[in-house]
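Only one structure is covered here, and it is reproduced in the block below.
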Amino acid sequence: MARNLDLTALRAFVTVAETGGVTRAAGVLHLTQSAVSMQLKRLEDSLGCALLDRSGRGIETTPDGDQLLSYARRMLELNDLALSRLTDSVFEGEIRVGVPHDIVLPMMPPVLRTFSSMFPRMKVSLVSSYTKSLKDDFERGKTDIILTTEEAGEGTGEVLATLPLRWMGATGGQAWKQRPLRLAFETRCKFRPRAQAVLDSHGIAWEMAVSSNEERTIDASVGADLAVSARLSGTMIHPMVPVDHGGALPELPSYDVGLYVSDTLKGAAAERLVQDLRLTYGAMAKTPARMSPAAE
C-alpha cells in the first residue's frame, strides 16, 4: 500500500528550513516549539532519514532534506492552490507593506507565503527601505503597514520586540581585534552613527573601511574578514556571524521593532497579516544569538 506524506509535517519542515529555526517557525505557524519539533520527528521517522542537521550552532538541511525541500514546496503549493480555487472568497485588494532592510530577512518570506496561501486574490506590495523613509511614506499614506527599527522611546508604534545590536564579523575572523577598528556600514544605515559614537565613548579608535549603498557589498566585505559591522540579534544571515569578543568591544544599544498600521486598513485579510507580523517578529526576541568561534 502506498504511503502518504503528512502535509502538516511538510509545512513545518519547509518553514523551519526557510526561517532557520524551530522558534521562528513556531511563530509563523502559530504553534508551540514542541509541536513543531514533534512534526519534524514524525516526518523523519516516516521517511527513515535525517532531514535537518542539528549538530552545529544552527539548523541546516541535510542532503536528504535538500531533496525533500524541493518536493515539499511543490506539494504545498499545489495543496494551497487547490484550496484557494475551491474555497475562494471575496477577499481582493492590495496591502502596501514597508519593512527596513535590516529586518526583512529571514522573517518576511514565510509571513508573505502564508498570507498568499490564505488570501490568493490579495496583493501585497513589499517595500524595503530605511526606517526614516518608511515613516515618511506612511505619514503620506503611501503604505498601509510598516515595521521600523527605532531606539527605545524614539517611535510611537506598537513595539513587537526589543533586540540588541550585535557586532558582526566573519566566521573565525580576526578583524574585530584590529585597531583602529575597521568598520563596514551602508551609507544611510542608522546603526552606523550609533556604533561610531559608542566606540568614541570607550576610546576605541576606528576607521570606515567600507562604505556603500549596497547591503551585499557590506555583507561580502564582512564575510571576507575585511571589517566588522553591526546587526540586530536574530536578523543576521550568512556570511555574517555575531562576534564573541569577550568584552574587547563595547556593548551596543538595543532597538525596538515597531509596528505602524493605518487607521484606514480594515478587513479580515489585513487583520490576519497584522497578527502574523506580531507573532513572527515577536518571536525574534526569543531567538538566541549564535556566536562565532572567532575569539581566542
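Residue numbering restarts at 1 for every chain of the C-alpha cells, chains are lettered A, B, ... in their displayed order, and ligands are numbered from 1 as they appear.
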
Next on the checklist: Which residues are near stretch 90-107 of chain A? Cut-off 8 Å, only C-alpha atoms, ignore same chain within fewer than 2 positions. Put them as number ranges by chain.
Outcome noted: A: 18-20, 24, 88, 109-111, 119, 121-131, 134, 142-149, 231-232, 235, 237, 269-270, 280-281

Item to check | Members of stretch 26-156 of chain A assigned helix (DSSP H, G or I) by DSSP, as an NGL selection string | outcome: :A and (26-29 or 33-47 or 63-87 or 101-103 or 108-118 or 131-139)

Next on the checklist: I'd like the contact shell of stretch 194-211 of chain A - 10 Å cut-off, only C-alpha atoms, skipping same-chain residues fewer than 4 positions apart - returned as a ChimeraX atom specification.
Outcome noted: /A:165-167,178-190,215,217-218,221-222,226-230,248-253

Just C-alpha atoms for this one: save the residues we selected as a PDB file, in the first residue's frame.
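In the end it all went to out-v9.pdb:
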```pdb
ATOM      1  CA  LEU A 165      22.537  45.338  18.324  1.00  0.00           C
ATOM      2  CA  ARG A 166      25.450  42.910  17.867  1.00  0.00           C
ATOM      3  CA  TRP A 167      28.923  43.266  16.444  1.00  0.00           C
ATOM      4  CA  GLN A 178      42.442  45.314  14.768  1.00  0.00           C
ATOM      5  CA  ARG A 179      42.997  48.900  15.914  1.00  0.00           C
ATOM      6  CA  PRO A 180      41.851  51.173  14.575  1.00  0.00           C
ATOM      7  CA  LEU A 181      38.760  49.013  14.252  1.00  0.00           C
ATOM      8  CA  ARG A 182      37.778  48.669  10.614  1.00  0.00           C
ATOM      9  CA  LEU A 183      34.044  49.279  10.079  1.00  0.00           C
ATOM     10  CA  ALA A 184      31.709  48.430   7.197  1.00  0.00           C
ATOM     11  CA  PHE A 185      28.263  50.041   7.005  1.00  0.00           C
ATOM     12  CA  GLU A 186      25.756  51.172   4.440  1.00  0.00           C
ATOM     13  CA  THR A 187      25.924  54.928   3.940  1.00  0.00           C
ATOM     14  CA  ARG A 188      22.432  55.609   5.354  1.00  0.00           C
ATOM     15  CA  CYS A 189      22.375  52.830   7.962  1.00  0.00           C
ATOM     16  CA  LYS A 190      21.085  54.230  11.270  1.00  0.00           C
ATOM     17  CA  GLU A 215      23.966  45.839   1.525  1.00  0.00           C
ATOM     18  CA  THR A 217      28.849  44.902  -0.562  1.00  0.00           C
ATOM     19  CA  ILE A 218      28.857  45.235   3.221  1.00  0.00           C
ATOM     20  CA  SER A 221      33.346  42.682   2.985  1.00  0.00           C
ATOM     21  CA  VAL A 222      32.495  41.479   6.479  1.00  0.00           C
ATOM     22  CA  LEU A 226      37.943  42.930   5.949  1.00  0.00           C
ATOM     23  CA  ALA A 227      35.907  44.740   8.603  1.00  0.00           C
ATOM     24  CA  VAL A 228      33.142  44.379  11.187  1.00  0.00           C
ATOM     25  CA  SER A 229      29.602  45.709  11.141  1.00  0.00           C
ATOM     26  CA  ALA A 230      26.510  45.551  13.356  1.00  0.00           C
ATOM     27  CA  ALA A 248      37.077  43.646  23.840  1.00  0.00           C
ATOM     28  CA  LEU A 249      34.353  45.654  22.099  1.00  0.00           C
ATOM     29  CA  PRO A 250      31.708  47.746  23.887  1.00  0.00           C
ATOM     30  CA  GLU A 251      28.106  46.627  24.066  1.00  0.00           C
ATOM     31  CA  LEU A 252      25.767  48.287  21.586  1.00  0.00           C
ATOM     32  CA  PRO A 253      22.260  49.636  22.323  1.00  0.00           C
TER      33      PRO A 253
END
```

Next on the checklist: So that I can see what lies close to A:Gly169, please list as a PyMOL selection string the residues with an atom at most 9 Å from it, counting only C-alpha atoms and leaving out residues fewer than 3 positions away in the same chain.
Outcome noted: chain A and resi 172-176+222-230+239-243+292+294

Would you put the residues from that selection into a file with N, CA and C atoms, as a short mmCIF file (atom, residue, chain, number, x, y, z; two decimals), in the first residue's frame?
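Contents of the output file selection-v5.cif:
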```cif
data_model
loop_
_atom_site.label_atom_id
_atom_site.label_comp_id
_atom_site.auth_asym_id
_atom_site.auth_seq_id
_atom_site.Cartn_x
_atom_site.Cartn_y
_atom_site.Cartn_z
N GLY A 172 35.28 32.79 12.35
CA GLY A 172 36.70 32.63 12.63
C GLY A 172 37.55 33.85 12.30
N GLY A 173 36.88 35.00 12.10
CA GLY A 173 37.61 36.20 11.67
C GLY A 173 38.40 36.87 12.78
N GLN A 174 39.29 37.75 12.36
CA GLN A 174 40.16 38.48 13.29
C GLN A 174 40.04 39.99 13.15
N ALA A 175 39.19 40.46 12.25
CA ALA A 175 39.09 41.90 12.01
C ALA A 175 38.70 42.67 13.26
N TRP A 176 37.92 42.05 14.15
CA TRP A 176 37.46 42.74 15.36
C TRP A 176 38.60 43.05 16.31
N VAL A 222 32.42 42.04 5.14
CA VAL A 222 32.50 41.48 6.48
C VAL A 222 32.76 39.98 6.41
N GLY A 223 32.12 39.29 5.47
CA GLY A 223 32.34 37.86 5.31
C GLY A 223 33.75 37.52 4.91
N ALA A 224 34.44 38.47 4.27
CA ALA A 224 35.83 38.27 3.88
C ALA A 224 36.81 38.68 4.98
N ASP A 225 36.26 39.08 6.14
CA ASP A 225 37.06 39.48 7.30
C ASP A 225 37.85 40.76 7.04
N LEU A 226 37.30 41.65 6.21
CA LEU A 226 37.94 42.93 5.95
C LEU A 226 37.54 43.98 6.97
N ALA A 227 36.42 43.75 7.66
CA ALA A 227 35.91 44.74 8.60
C ALA A 227 34.81 44.08 9.44
N VAL A 228 34.29 44.84 10.40
CA VAL A 228 33.14 44.38 11.19
C VAL A 228 31.99 45.35 10.96
N SER A 229 30.78 44.87 11.27
CA SER A 229 29.60 45.71 11.14
C SER A 229 28.71 45.43 12.35
N ALA A 230 27.44 45.80 12.26
CA ALA A 230 26.51 45.55 13.36
C ALA A 230 25.15 45.21 12.78
N PRO A 239 27.11 35.65 5.10
CA PRO A 239 28.26 35.09 5.80
C PRO A 239 28.59 35.78 7.13
N MET A 240 27.71 36.61 7.66
CA MET A 240 27.99 37.28 8.93
C MET A 240 27.62 36.39 10.11
N VAL A 241 28.38 36.50 11.19
CA VAL A 241 28.05 35.84 12.44
C VAL A 241 28.37 36.79 13.59
N PRO A 242 27.66 36.68 14.72
CA PRO A 242 27.99 37.53 15.86
C PRO A 242 29.41 37.24 16.35
N VAL A 243 30.11 38.29 16.74
CA VAL A 243 31.48 38.15 17.22
C VAL A 243 31.49 37.98 18.73
N SER A 292 30.11 33.47 17.14
CA SER A 292 31.18 33.00 16.28
C SER A 292 32.31 32.41 17.11
N ALA A 294 35.20 33.00 16.71
CA ALA A 294 36.33 33.84 16.32
C ALA A 294 37.25 34.15 17.49
#
```

Checklist entry - Mind checking DSSP for stretch 70-204 of chain A and telling me the strand (DSSP E or B) residues as a ChimeraX atom specification? => result /A:93-100,122-129,145-151,158-170,181-186

Checklist outcome for this item: Between A:Val159, A:Ala220, A:Leu265, A:Leu5, smallest distance to A:Ala72 by only C-alpha atoms belongs to A:Leu5

Checklist entry - Expressed in Å to a single decimal, how great is the separation between atom CA of A:Gly258 and atom CA of A:Glu158? => result 5.3 Å

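Among the candidate residues A:His245, A:Thr62, A:Val257, A:Ser116, the one lying nearest to A:Thr156 is A:Val257, with distances computed using only C-alpha atoms.
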